[in-house]
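One file, query_11.txt, is given below (compact mmCIF, C-alpha atoms).
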```txt
# COMPACT_ATOMS: atom_id res chain seq x y z
CA MET V 239 -17.20 -102.80 16.81
CA LEU V 240 -20.15 -101.45 14.87
CA ASN V 241 -19.12 -99.06 12.08
CA ALA V 242 -15.45 -99.08 13.22
CA ASN V 243 -13.36 -99.90 10.19
CA VAL V 244 -9.71 -98.94 10.81
CA TYR V 245 -6.86 -100.16 13.06
CA VAL V 246 -4.10 -97.84 14.22
CA THR V 247 -1.52 -100.58 14.96
CA LYS V 248 -0.07 -102.71 12.16
CA ASP V 249 1.17 -105.74 14.12
CA LYS V 250 -0.62 -109.02 13.61
CA GLY V 251 -3.23 -109.61 16.30
CA ILE V 252 -3.22 -112.55 18.68
CA GLY V 253 -6.82 -113.52 17.95
CA GLY V 254 -8.65 -115.25 20.75
CA THR V 255 -11.88 -114.87 22.68
CA ILE V 256 -12.94 -112.97 25.79
CA ARG V 257 -15.72 -113.29 28.35
CA ASN V 258 -15.58 -117.10 28.35
CA ARG V 259 -16.50 -116.57 31.97
CA TYR V 260 -17.68 -113.30 33.44
CA GLU V 261 -14.79 -113.50 35.90
CA ASP V 262 -12.34 -113.27 32.99
CA PHE V 263 -13.35 -109.65 32.37
CA TYR V 264 -12.67 -107.52 35.46
CA VAL V 265 -13.46 -103.79 35.61
CA GLU V 266 -12.80 -101.47 38.53
CA GLU V 267 -13.87 -97.83 38.65
CA ILE V 268 -11.19 -95.20 39.31
CA PRO V 269 -13.24 -92.67 41.31
CA GLU V 270 -12.94 -88.91 41.00
CA ILE V 271 -14.27 -88.32 44.50
CA VAL V 272 -14.59 -90.64 47.48
CA PRO V 273 -17.00 -90.44 50.44
CA GLU V 274 -15.73 -88.81 53.62
CA GLY V 275 -17.46 -91.02 56.18
CA GLU V 276 -20.15 -88.56 57.22
CA GLY V 277 -23.02 -86.76 55.56
CA PRO V 278 -26.65 -87.31 54.51
CA ASN V 279 -25.91 -89.64 51.60
CA ILE V 280 -25.01 -93.34 51.65
CA TRP V 281 -22.34 -94.62 49.28
CA ILE V 282 -22.06 -98.32 48.44
CA TRP V 283 -18.94 -99.86 46.89
CA ILE V 284 -20.43 -102.84 45.04
CA GLU V 285 -19.10 -105.84 43.18
CA LYS V 286 -21.54 -107.25 40.66
CA ILE V 287 -21.35 -110.02 38.10
CA GLY V 288 -23.57 -110.64 35.09
CA ARG V 289 -25.80 -107.63 35.77
CA THR V 290 -26.19 -104.10 34.46
CA THR V 291 -25.69 -101.11 36.75
CA LEU V 292 -29.30 -100.04 36.15
CA ASP V 293 -30.66 -103.46 37.12
CA VAL V 294 -28.81 -103.36 40.44
CA MET V 295 -30.02 -99.82 41.14
CA LEU V 296 -33.62 -100.77 40.37
CA ASP V 297 -33.37 -103.70 42.79
CA ILE V 298 -31.93 -101.52 45.56
CA SER V 299 -34.51 -98.76 45.11
CA ARG V 300 -37.30 -101.35 45.06
CA ASP V 301 -36.13 -102.97 48.30
CA LEU V 302 -35.64 -99.60 49.99
CA HIS V 303 -39.05 -98.42 48.71
CA ILE V 304 -37.56 -95.23 47.26
CA ASP V 305 -37.62 -93.55 43.87
CA ARG V 306 -34.74 -94.66 41.66
CA LYS V 307 -34.03 -90.99 40.98
CA ARG V 308 -32.57 -90.77 44.48
CA MET V 309 -29.79 -93.11 43.42
CA GLY V 310 -26.67 -92.04 41.54
CA PHE V 311 -23.71 -93.64 39.83
CA ALA V 312 -20.69 -92.35 37.95
CA GLY V 313 -20.81 -94.68 34.97
CA MET V 314 -22.42 -97.79 33.53
CA LYS V 315 -20.35 -100.96 33.92
CA ASP V 316 -20.36 -104.04 31.71
CA LYS V 317 -23.01 -106.68 32.29
CA LYS V 318 -20.90 -109.59 31.09
CA ALA V 319 -18.12 -108.95 33.55
CA LEU V 320 -17.05 -108.86 37.18
CA THR V 321 -17.14 -105.17 38.06
CA ARG V 322 -16.66 -102.83 41.01
CA GLN V 323 -18.11 -99.33 41.30
CA TRP V 324 -19.69 -96.80 43.65
CA LEU V 325 -23.44 -96.27 43.95
CA CYS V 326 -25.00 -93.53 46.05
CA VAL V 327 -28.38 -93.27 47.78
CA ALA V 328 -29.23 -89.62 48.42
CA ASN V 329 -30.83 -88.14 51.53
CA MET V 330 -30.64 -91.12 53.89
CA ASP V 331 -29.48 -89.27 56.97
CA SER V 332 -30.98 -91.34 59.79
CA GLU V 333 -29.33 -94.31 61.45
CA GLU V 334 -32.43 -96.37 60.69
CA GLN V 335 -32.01 -95.69 56.96
CA LEU V 336 -28.33 -96.64 57.14
CA LYS V 337 -29.37 -99.90 58.80
CA GLN V 338 -31.88 -100.53 56.00
CA VAL V 339 -29.09 -100.26 53.43
CA GLU V 340 -26.78 -102.47 55.49
CA ASP V 341 -29.52 -105.10 55.74
CA LEU V 342 -29.61 -105.34 51.93
CA ALA V 343 -26.06 -106.72 51.89
CA GLY V 344 -26.18 -110.26 50.58
CA ASN V 345 -29.76 -109.90 49.34
CA ILE V 346 -29.25 -108.18 45.96
CA TYR V 347 -28.94 -110.71 43.16
CA LYS V 348 -25.34 -111.36 42.04
CA THR V 349 -24.20 -108.24 43.88
CA GLN V 350 -21.98 -107.81 46.94
CA PHE V 351 -21.73 -104.72 49.10
CA LEU V 352 -17.99 -104.40 49.77
CA LYS V 353 -18.25 -101.12 51.66
CA ILE V 354 -21.07 -98.90 52.95
CA ILE V 355 -20.08 -95.39 54.00
CA ARG V 356 -21.65 -91.98 54.39
CA GLY V 357 -20.75 -89.04 52.17
CA ARG V 358 -21.48 -85.32 52.07
CA LYS V 359 -21.81 -85.18 48.30
CA LYS V 360 -24.12 -87.01 45.95
CA LEU V 361 -22.61 -89.14 43.19
CA ARG V 362 -23.39 -87.97 39.69
CA MET V 363 -22.87 -89.32 36.19
CA GLY V 364 -19.33 -88.76 34.92
CA GLN V 365 -17.67 -88.34 38.32
CA LEU V 366 -14.89 -90.82 37.70
CA LYS V 367 -11.34 -90.60 36.34
CA GLY V 368 -11.47 -93.83 34.39
CA ASN V 369 -11.51 -97.60 34.74
CA LYS V 370 -8.87 -100.26 35.23
CA PHE V 371 -9.20 -103.61 33.51
CA LYS V 372 -7.83 -107.13 33.85
CA ILE V 373 -8.97 -109.26 30.93
CA LEU V 374 -8.06 -112.85 30.09
CA ILE V 375 -7.87 -113.61 26.37
CA LYS V 376 -8.31 -117.32 25.65
CA ASP V 377 -8.21 -119.44 22.48
CA ILE V 378 -5.17 -117.61 21.15
CA ASN V 379 -4.38 -118.13 17.46
CA GLY V 380 -2.36 -121.32 17.04
CA MET V 381 -3.32 -122.88 20.37
CA GLU V 382 -4.10 -126.59 20.28
CA THR V 383 -6.63 -128.44 22.39
CA ASP V 384 -4.03 -131.05 23.31
CA GLY V 385 -0.37 -130.29 23.70
CA ASP V 386 1.95 -127.70 25.20
CA ASN V 387 0.89 -124.16 24.23
CA THR V 388 3.45 -122.41 26.40
CA GLU V 389 5.51 -121.03 23.51
CA ILE V 390 2.44 -119.90 21.55
CA ILE V 391 1.00 -118.06 24.55
CA SER V 392 4.36 -116.52 25.42
CA ASP V 393 4.77 -115.20 21.86
CA ALA V 394 1.20 -113.84 21.91
CA ALA V 395 1.86 -112.07 25.22
CA SER V 396 4.97 -110.43 23.75
CA ARG V 397 3.04 -109.19 20.72
CA ALA V 398 0.19 -107.96 22.91
CA SER V 399 2.68 -106.08 25.09
CA LYS V 400 4.24 -104.45 22.00
CA ILE V 401 0.84 -103.32 20.71
CA LEU V 402 -0.16 -101.94 24.11
CA LYS V 403 3.09 -99.96 24.37
CA GLU V 404 2.49 -98.48 20.92
CA LEU V 405 -1.01 -97.46 22.00
CA GLU V 406 0.45 -95.73 25.06
CA PHE V 407 2.37 -93.57 22.58
CA THR V 408 -0.37 -92.90 19.97
CA GLY V 409 -3.56 -93.29 21.97
CA VAL V 410 -6.47 -95.55 21.06
CA PRO V 411 -9.25 -94.79 18.55
CA ASN V 412 -12.19 -93.74 20.70
CA TYR V 413 -14.73 -96.07 19.12
CA PHE V 414 -17.96 -96.87 20.91
CA GLY V 415 -18.16 -100.59 21.72
CA TRP V 416 -20.94 -103.09 21.17
CA GLN V 417 -22.33 -102.30 24.64
CA ARG V 418 -23.52 -98.99 23.20
CA PHE V 419 -25.62 -100.74 20.58
CA GLY V 420 -26.63 -104.01 22.23
CA LYS V 421 -25.53 -107.58 21.76
CA PRO V 422 -26.61 -110.12 20.64
CA ARG V 423 -29.60 -108.03 19.51
CA THR V 424 -28.06 -104.91 18.03
CA ASN V 425 -30.90 -102.43 17.75
CA THR V 426 -30.42 -99.53 20.17
CA HIS V 427 -29.10 -97.25 17.43
CA LEU V 428 -31.98 -98.27 15.15
CA VAL V 429 -34.48 -97.11 17.78
CA GLY V 430 -32.56 -93.84 17.89
CA GLU V 431 -32.69 -93.51 14.13
CA ALA V 432 -36.48 -93.93 14.21
CA LEU V 433 -36.76 -91.26 16.90
CA ILE V 434 -34.67 -88.85 14.83
CA HIS V 435 -37.07 -89.46 11.95
CA ASN V 436 -40.02 -88.82 14.33
CA ASP V 437 -41.44 -92.32 13.84
CA LEU V 438 -42.45 -93.14 17.42
CA LYS V 439 -44.46 -96.21 16.46
CA GLU V 440 -41.47 -97.73 14.70
CA ALA V 441 -39.14 -96.79 17.55
CA VAL V 442 -41.31 -98.72 19.99
CA ARG V 443 -41.68 -101.64 17.58
CA LEU V 444 -37.94 -101.88 17.10
CA TYR V 445 -37.48 -102.09 20.87
CA ILE V 446 -40.32 -104.44 21.84
CA GLY V 447 -40.78 -106.35 18.59
CA ASN V 448 -38.26 -106.95 15.81
CA PRO V 449 -37.05 -110.44 16.91
CA SER V 450 -33.43 -111.35 16.32
CA PRO V 451 -32.29 -114.91 15.48
CA GLU V 452 -29.34 -114.38 17.82
CA GLU V 453 -31.47 -114.15 20.97
CA ARG V 454 -33.27 -116.84 22.92
CA ASN V 455 -36.32 -118.46 21.35
CA GLU V 456 -38.66 -117.30 24.14
CA ASN V 457 -37.60 -113.70 23.49
CA GLN V 458 -38.20 -114.11 19.77
CA LEU V 459 -41.72 -115.48 20.36
CA ALA V 460 -42.64 -112.56 22.61
CA ARG V 461 -41.32 -110.05 20.10
CA GLN V 462 -43.07 -111.74 17.18
CA ALA V 463 -46.38 -111.60 19.06
CA TYR V 464 -45.91 -107.84 19.37
CA ASP V 465 -45.17 -107.52 15.65
CA ASP V 466 -48.33 -109.56 14.99
CA GLY V 467 -50.32 -106.98 16.94
CA ASN V 468 -51.11 -109.16 19.95
CA LEU V 469 -49.99 -107.07 22.91
CA GLU V 470 -51.53 -109.33 25.56
CA LYS V 471 -49.85 -112.46 24.18
CA SER V 472 -46.55 -110.62 23.83
CA PHE V 473 -46.67 -109.55 27.49
CA GLU V 474 -47.55 -113.07 28.66
CA LEU V 475 -44.68 -114.61 26.70
CA MET V 476 -42.07 -112.16 27.93
CA PRO V 477 -39.49 -113.85 30.19
CA LYS V 478 -38.12 -112.17 33.31
CA GLY V 479 -35.14 -110.78 31.41
CA MET V 480 -37.34 -108.55 29.23
CA ARG V 481 -37.83 -106.14 32.11
CA TYR V 482 -37.83 -102.92 30.11
CA GLU V 483 -40.01 -104.26 27.32
CA LYS V 484 -42.57 -105.16 30.00
CA MET V 485 -42.51 -101.59 31.30
CA MET V 486 -43.33 -100.30 27.83
CA ILE V 487 -45.99 -102.82 26.92
CA LYS V 488 -47.81 -102.30 30.24
CA GLU V 489 -48.23 -98.67 29.23
CA LEU V 490 -49.46 -99.65 25.77
CA LEU V 491 -51.99 -102.07 27.26
CA LYS V 492 -53.33 -99.23 29.43
CA GLU V 493 -53.57 -97.01 26.36
CA SER V 494 -55.31 -99.70 24.30
CA LYS V 495 -58.14 -99.81 26.83
CA LYS V 496 -58.73 -96.09 26.38
CA LYS V 497 -58.25 -95.80 22.60
CA ASP V 498 -59.31 -97.75 19.54
CA ILE V 499 -56.00 -97.03 17.85
CA LEU V 500 -52.68 -96.34 19.53
CA ASP V 501 -51.34 -92.93 18.52
CA ASP V 502 -48.10 -90.96 18.92
CA ASP V 503 -49.09 -89.98 22.45
CA SER V 504 -49.48 -93.67 23.32
CA TYR V 505 -46.04 -94.54 21.98
CA LYS V 506 -44.57 -91.50 23.70
CA ARG V 507 -45.97 -92.75 27.02
CA ALA V 508 -44.46 -96.19 26.39
CA ILE V 509 -41.01 -94.69 25.83
CA HIS V 510 -41.37 -92.49 28.92
CA ALA V 511 -42.09 -95.63 30.98
CA LEU V 512 -38.41 -96.52 30.66
CA PRO V 513 -35.74 -95.19 33.06
CA LYS V 514 -34.51 -91.84 31.77
CA PRO V 515 -30.90 -93.03 31.23
CA LEU V 516 -32.23 -95.73 28.91
CA GLN V 517 -34.50 -93.29 27.06
CA ARG V 518 -31.52 -91.05 26.36
CA MET V 519 -29.46 -94.01 25.19
CA PHE V 520 -31.38 -94.44 21.91
CA VAL V 521 -30.47 -91.21 20.11
CA ASN V 522 -27.04 -91.35 21.75
CA ALA V 523 -26.52 -94.79 20.22
CA TYR V 524 -27.35 -93.52 16.75
CA GLN V 525 -24.99 -90.59 17.23
CA SER V 526 -22.35 -93.11 18.34
CA PHE V 527 -22.95 -95.26 15.26
CA ILE V 528 -22.14 -92.33 12.97
CA PHE V 529 -19.30 -91.17 15.26
CA ASN V 530 -17.50 -94.50 14.78
CA ASN V 531 -17.60 -93.96 11.02
CA VAL V 532 -16.17 -90.44 11.36
CA VAL V 533 -13.39 -91.68 13.66
CA SER V 534 -12.49 -94.42 11.16
CA HIS V 535 -11.91 -91.76 8.52
CA ARG V 536 -10.05 -89.45 10.91
CA VAL V 537 -7.71 -92.27 12.05
CA LYS V 538 -6.60 -92.68 8.44
CA MET V 539 -5.36 -89.07 8.59
CA GLY V 540 -3.19 -89.83 11.65
CA LEU V 541 -4.36 -90.64 15.15
CA ASP V 542 -1.55 -88.74 16.88
CA LYS V 543 -1.33 -85.96 14.28
CA TYR V 544 -2.80 -82.49 14.50
CA ILE V 545 -4.35 -81.33 11.21
CA ASP V 546 -5.14 -77.71 10.45
CA GLY V 547 -8.87 -77.26 11.08
CA ASP V 548 -9.07 -79.84 13.87
CA ILE V 549 -11.16 -78.85 16.87
CA VAL V 550 -9.17 -79.92 19.91
CA ILE V 551 -10.13 -80.13 23.58
CA ASP V 552 -8.10 -80.33 26.77
CA ASN V 553 -8.57 -82.89 29.51
CA GLU V 554 -11.36 -80.81 31.01
CA GLU V 555 -13.13 -80.99 27.62
CA ARG V 556 -12.64 -77.27 26.94
CA ILE V 557 -11.87 -76.18 23.39
CA VAL V 558 -8.30 -74.95 22.93
CA ARG V 559 -7.68 -72.17 20.42
CA ASP V 560 -5.04 -69.71 19.27
CA LYS V 561 -2.02 -72.02 19.07
CA THR V 562 0.45 -72.49 16.26
CA TYR V 563 0.54 -75.76 14.36
CA GLU V 564 3.72 -76.74 16.22
CA GLU V 565 2.17 -75.91 19.60
CA PHE V 566 -0.93 -77.96 18.84
CA GLN V 567 1.18 -80.91 17.71
CA HIS V 568 3.25 -80.75 20.90
CA LEU V 569 0.10 -80.73 23.04
CA VAL V 570 -1.38 -83.66 21.08
CA SER V 571 1.82 -85.68 21.41
CA ASN V 572 1.77 -85.21 25.18
CA PHE V 573 -1.96 -85.96 25.58
CA GLU V 574 -2.57 -82.47 26.93
CA VAL V 575 -5.20 -82.05 24.20
CA ASN V 576 -7.02 -84.42 21.87
CA GLN V 577 -8.49 -83.96 18.42
CA THR V 578 -12.27 -84.39 18.30
CA SER V 579 -14.95 -85.86 16.08
CA PRO V 580 -18.64 -84.91 16.18
CA LEU V 581 -21.45 -86.65 17.96
CA PHE V 582 -23.80 -84.98 15.51
CA GLY V 583 -26.60 -82.81 16.87
CA THR V 584 -28.41 -79.57 16.21
CA LYS V 585 -25.62 -77.28 17.42
CA VAL V 586 -22.42 -79.27 17.05
CA PRO V 587 -19.79 -77.36 15.06
CA PHE V 588 -17.95 -78.90 12.12
CA ALA V 589 -14.17 -78.85 11.99
CA GLU V 590 -12.56 -76.75 9.26
CA GLY V 591 -10.47 -77.68 6.24
CA GLU V 592 -10.19 -81.27 5.04
CA VAL V 593 -11.36 -82.65 8.40
CA GLY V 594 -14.55 -80.59 8.26
CA ASP V 595 -15.15 -81.60 4.63
CA MET V 596 -14.91 -85.25 5.66
CA GLU V 597 -17.38 -84.76 8.54
CA LYS V 598 -19.93 -83.02 6.32
CA SER V 599 -19.60 -85.71 3.67
CA ILE V 600 -20.31 -88.50 6.16
CA LEU V 601 -23.38 -86.74 7.59
CA ASN V 602 -24.67 -86.25 4.04
CA SER V 603 -24.13 -89.96 3.33
CA TYR V 604 -26.84 -90.74 5.93
CA ASN V 605 -29.19 -88.19 4.32
CA LEU V 606 -29.14 -86.18 7.53
CA THR V 607 -28.68 -82.59 8.57
CA ARG V 608 -27.78 -81.39 12.04
CA GLU V 609 -31.35 -80.10 12.49
CA ASP V 610 -32.72 -83.65 12.23
CA PHE V 611 -31.40 -84.35 15.74
CA GLU V 612 -34.01 -82.01 17.23
CA CYS V 613 -36.58 -84.87 17.52
CA PRO V 614 -39.59 -82.49 17.65
CA LYS V 615 -42.04 -85.20 18.76
CA MET V 616 -39.83 -86.01 21.75
CA PRO V 617 -37.60 -82.97 22.11
CA LYS V 618 -36.21 -84.07 25.48
CA LEU V 619 -34.58 -86.99 23.67
CA GLY V 620 -33.13 -84.77 20.97
CA SER V 621 -29.53 -83.63 21.13
CA HIS V 622 -27.49 -80.51 20.51
CA GLY V 623 -24.53 -82.80 19.91
CA LEU V 624 -20.97 -82.29 21.03
CA ARG V 625 -17.36 -82.72 20.00
CA ARG V 626 -15.89 -85.89 21.52
CA SER V 627 -12.25 -86.87 21.65
CA MET V 628 -11.46 -89.17 18.74
CA ARG V 629 -8.80 -90.99 20.76
CA PHE V 630 -8.16 -91.80 24.39
CA GLN V 631 -5.13 -92.36 26.56
CA ILE V 632 -4.11 -95.73 27.93
CA TRP V 633 -1.65 -96.31 30.79
CA ASP V 634 -0.34 -98.97 33.19
CA THR V 635 -0.36 -101.54 30.39
CA MET V 636 0.82 -105.10 30.85
CA ALA V 637 0.44 -108.44 29.07
CA SER V 638 1.45 -111.73 30.67
CA SER V 639 1.20 -115.44 29.94
CA THR V 640 -1.11 -117.74 31.88
CA ASP V 641 -1.93 -121.42 31.46
CA GLU V 642 -5.21 -120.45 29.76
CA GLY V 643 -4.09 -117.57 27.56
CA VAL V 644 -2.89 -113.94 27.76
CA LEU V 645 -3.86 -111.66 30.63
CA VAL V 646 -3.90 -108.00 29.60
CA GLU V 647 -4.08 -105.15 32.11
CA PHE V 648 -4.55 -101.44 31.46
CA SER V 649 -6.30 -98.28 32.62
CA ILE V 650 -8.21 -95.93 30.34
CA ASN V 651 -10.15 -92.65 30.48
CA LYS V 652 -13.78 -92.55 31.52
CA GLY V 653 -16.31 -92.93 28.74
CA SER V 654 -13.96 -95.06 26.64
CA TYR V 655 -14.29 -98.73 25.80
CA ALA V 656 -11.86 -101.49 26.74
CA THR V 657 -12.99 -103.38 23.64
CA ALA V 658 -11.38 -100.64 21.51
CA VAL V 659 -8.06 -101.63 23.11
CA LEU V 660 -8.71 -105.37 22.75
CA ARG V 661 -9.67 -104.87 19.11
CA GLU V 662 -6.14 -103.59 18.41
CA VAL V 663 -4.51 -106.41 20.38
CA MET V 664 -6.63 -109.22 18.94
CA LYS V 665 -7.41 -107.84 15.46
CA VAL V 666 -10.82 -109.49 15.55
CA ASP V 667 -14.32 -108.18 16.26
CA VAL V 668 -14.58 -107.93 20.04
CA VAL V 669 -17.84 -107.98 22.00
```
The structure in this file should be written as structure tokens.
Amino acid sequence: MLNANVYVTKDKGIGGTIRNRYEDFYVEEIPEIVPEGEGPNIWIWIEKIGRTTLDVMLDISRDLHIDRKRMGFAGMKDKKALTRQWLCVANMDSEEQLKQVEDLAGNIYKTQFLKIIRGRKKLRMGQLKGNKFKILIKDINGMETDGDNTEIISDAASRASKILKELEFTGVPNYFGWQRFGKPRTNTHLVGEALIHNDLKEAVRLYIGNPSPEERNENQLARQAYDDGNLEKSFELMPKGMRYEKMMIKELLKESKKKDILDDDSYKRAIHALPKPLQRMFVNAYQSFIFNNVVSHRVKMGLDKYIDGDIVIDNEERIVRDKTYEEFQHLVSNFEVNQTSPLFGTKVPFAEGEVGDMEKSILNSYNLTREDFECPKMPKLGSHGLRRSMRFQIWDTMASSTDEGVLVEFSINKGSYATAVLREVMKVDVV
């Protein structure tokens, strides 16, 4: 996990690989609210495989001929997985509109509609309790291609179970996973860094251009054409999968017909061509990159320990004050509150004492101040920052042997990454 440098558990990991097949990584949303069966909005319980939540929503809004802004979801789900979640289409109160949604069933690529039901409320980002996972870990350390691996897998399952039980007690470091930054082409946080430094041209180049040797050759050629200054060739070379890059470059091609030289306004228009959730992801990714570093240092101080000066929040993300050290420690031990680390921004407070000194030192190491997150050229993409829990709770854990490897099951809080759990179990970099 990018910029995550510390484990909380000491047991030897089981190694292995995940996502050998998308079906091996199952995610199911634990909803906060459920539709009532009547109302002006249409809720869809979907199962998708190998697709992002945004891609599915864009397909549905396209086929319904509506603005994507009328669609809502509680949280993004993994692309390289088999996932289930709710989507909501707002203001579809007629029976004809319900029929239009029902007719889409079976026609959205790699997506099934498992349930279609009306609801009074719209679905908004963050309206979920958490997610439950079932993940098959294959290629366990010590497994042989030929031969009986039963004992090796059984031992690995026992160790995985022990680690998971320890994490139920301490919590899990709340690192952001690779999904936050992009894989195999890890650049989302770099685009965010350019935005923070008010370099819009470079931000766009890093997203459209900047080829990575880890991606497909056709992608690299399209990106290289952009870096070479040939926008038309870059657009022509872009495969279907470069959907968002095409949105941006279309805007730049329009601008190039009106101007001799593309300027900040041109690059701003290109960024605004993207869906708003994706626009906001860039600076968020850079904040997350630094957050992982801060959490690594805070874990060394004790994941399940309260330290004087910590800023702690309850499960409703409200700051808790005016407790004794013993009271805070009791609340931390029972997961009634969690210590926080900063997603740096213009208004985020530092902790006090040694924790605050550590946070300030890390921000200084990137030659940044909190004010840099204002992003004056694109202020809507700037951030005030916030304090985020530096650990998360895990429950309903289980590890069992299968013929292919170890199946791990667990549930975790919303906004947290299953790969942070797997990283502790496997003790390898997990994507």
- [ ] Could you give me, as a list of chain:residue names, the residues within 6 Å of range 350-365 of chain V, counting all atoms listed in the file and dropping anything in the same chain fewer than 3 positions from it?
- [x]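 Surrounding residues, per the criterion: V:Glu270, V:Pro273, V:Glu274, V:Gly275, V:Glu276, V:Gly277, V:Asn279, V:Ile280, V:Trp281, V:Ile282, V:Trp283, V:Ile284, V:Glu285, V:Gly310, V:Phe311, V:Ala312, V:Gly313, V:Cys326, V:Ala343.
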- [ ] Work out how far apart CA of Asp542 in chain V and CA of Val570 in chain V are and give it in Å to one decimal.
- [x]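 Between CA of Asp542 in chain V and CA of Val570 in chain V the gap works out to 6.6 Å.
Among V:Arg629, V:Ser396, V:Ile499, V:Gln525, the residue with the shortest atom-to-atom distance to His427 in chain V, counting all atoms listed in the file, is V:Gln525.
If you measure from each of V:Val669, V:Leu491, V:Ser654, V:Thr408 to Val537 in chain V using only C-alpha atoms, the closest one turns out to be V:Thr408.
If all atoms listed in the file are the atoms counted, then among V:Asp377, V:Asp466, V:Asp386, V:Asp502 the closest residue to Met616 in chain V is V:Asp502.
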Open item on the list: If we count all atoms listed in the file and set the cut-off at 10 Å, which residues sit around Arg423 in chain V, ignoring sequence neighbours fewer than 2 positions away in its own chain? Please answer as a ChimeraX atom specification.
Closed with: /V:419-421,425-426,445,448-453
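Between CA of Phe371 in chain V and CA of Leu342 in chain V the interatomic distance comes to 27.5 Å.
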Task: Close residues, range 458-463 of chain V itself excluded, 12 Å, all atoms listed in the file, min 5 positions apart in chain, as a VMD selection string - done: chain V and resid 423 442 to 453 468 to 480 483 to 484 487
- [ ] One decimal, Å: what's the distance from CA of Asp341 in chain V over to CA of Ile304 in chain V, could you say?
- [x] 15.3 Å
Can you tell me which residues surround range 631-645 of chain V at a distance of at most 8 Å, considering all atoms listed in the file, apart from same-chain residues fewer than 2 positions away, and format the answer as an mmCIF file with C-alpha atoms, in the frame of the given file?
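So the final result, stored in part12.cif, reads:
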```
data_model
loop_
_atom_site.group_PDB
_atom_site.id
_atom_site.type_symbol
_atom_site.label_atom_id
_atom_site.label_comp_id
_atom_site.auth_asym_id
_atom_site.auth_seq_id
_atom_site.Cartn_x
_atom_site.Cartn_y
_atom_site.Cartn_z
ATOM 1 C CA LYS V 372 -7.830 -107.130 33.850
ATOM 2 C CA ILE V 373 -8.970 -109.260 30.930
ATOM 3 C CA LEU V 374 -8.060 -112.850 30.090
ATOM 4 C CA ILE V 375 -7.870 -113.610 26.370
ATOM 5 C CA LYS V 376 -8.310 -117.320 25.650
ATOM 6 C CA ASP V 377 -8.210 -119.440 22.480
ATOM 7 C CA ILE V 378 -5.170 -117.610 21.150
ATOM 8 C CA THR V 388 3.450 -122.410 26.400
ATOM 9 C CA ILE V 391 1.000 -118.060 24.550
ATOM 10 C CA SER V 392 4.360 -116.520 25.420
ATOM 11 C CA ALA V 394 1.200 -113.840 21.910
ATOM 12 C CA ALA V 395 1.860 -112.070 25.220
ATOM 13 C CA SER V 396 4.970 -110.430 23.750
ATOM 14 C CA ALA V 398 0.190 -107.960 22.910
ATOM 15 C CA SER V 399 2.680 -106.080 25.090
ATOM 16 C CA LEU V 402 -0.160 -101.940 24.110
ATOM 17 C CA LYS V 403 3.090 -99.960 24.370
ATOM 18 C CA LEU V 405 -1.010 -97.460 22.000
ATOM 19 C CA GLU V 406 0.450 -95.730 25.060
ATOM 20 C CA GLY V 409 -3.560 -93.290 21.970
ATOM 21 C CA VAL V 410 -6.470 -95.550 21.060
ATOM 22 C CA PHE V 573 -1.960 -85.960 25.580
ATOM 23 C CA ARG V 629 -8.800 -90.990 20.760
ATOM 24 C CA GLU V 647 -4.080 -105.150 32.110
ATOM 25 C CA PHE V 648 -4.550 -101.440 31.460
ATOM 26 C CA SER V 649 -6.300 -98.280 32.620
ATOM 27 C CA ILE V 650 -8.210 -95.930 30.340
ATOM 28 C CA ASN V 651 -10.150 -92.650 30.480
#
```
To test the calculation: enclose all listed atoms of range 534-550 of chain V in a box whose edges run along x, y and z, add 3 Å on each side, then state centre and edge lengths in Å to one decimal, as JSON.
```
{"center_x": -6.9, "center_y": -85.8, "center_z": 14.2, "size_x": 17.2, "size_y": 23.2, "size_z": 17.5}
```
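You can rank V:Phe630, V:Phe582, V:Phe588, V:Tyr524 by their closest distance to Asn553 in chain V using only C-alpha atoms, and at the top of that list sits V:Phe630.
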N, CA and C atoms are needed for range 620-626 of chain V; please write them out as an mmCIF file, in the coordinates of the input.
```cif
data_model
loop_
_atom_site.group_PDB
_atom_site.id
_atom_site.type_symbol
_atom_site.label_atom_id
_atom_site.label_comp_id
_atom_site.auth_asym_id
_atom_site.auth_seq_id
_atom_site.Cartn_x
_atom_site.Cartn_y
_atom_site.Cartn_z
ATOM 1 N N GLY V 620 -33.978 -85.324 22.008
ATOM 2 C CA GLY V 620 -33.130 -84.770 20.970
ATOM 3 C C GLY V 620 -31.769 -84.393 21.538
ATOM 4 N N SER V 621 -30.883 -83.930 20.665
ATOM 5 C CA SER V 621 -29.530 -83.630 21.130
ATOM 6 C C SER V 621 -28.939 -82.464 20.371
ATOM 7 N N HIS V 622 -28.269 -81.588 21.131
ATOM 8 C CA HIS V 622 -27.490 -80.510 20.510
ATOM 9 C C HIS V 622 -26.196 -81.055 19.924
ATOM 10 N N GLY V 623 -25.791 -82.245 20.378
ATOM 11 C CA GLY V 623 -24.530 -82.800 19.910
ATOM 12 C C GLY V 623 -23.347 -82.234 20.674
ATOM 13 N N LEU V 624 -22.198 -82.797 20.424
ATOM 14 C CA LEU V 624 -20.970 -82.290 21.030
ATOM 15 C C LEU V 624 -19.766 -82.830 20.274
ATOM 16 N N ARG V 625 -18.629 -82.225 20.532
ATOM 17 C CA ARG V 625 -17.360 -82.720 20.000
ATOM 18 C C ARG V 625 -16.757 -83.663 21.043
ATOM 19 N N ARG V 626 -16.439 -84.876 20.630
ATOM 20 C CA ARG V 626 -15.890 -85.890 21.520
ATOM 21 C C ARG V 626 -14.489 -86.259 21.053
#
```
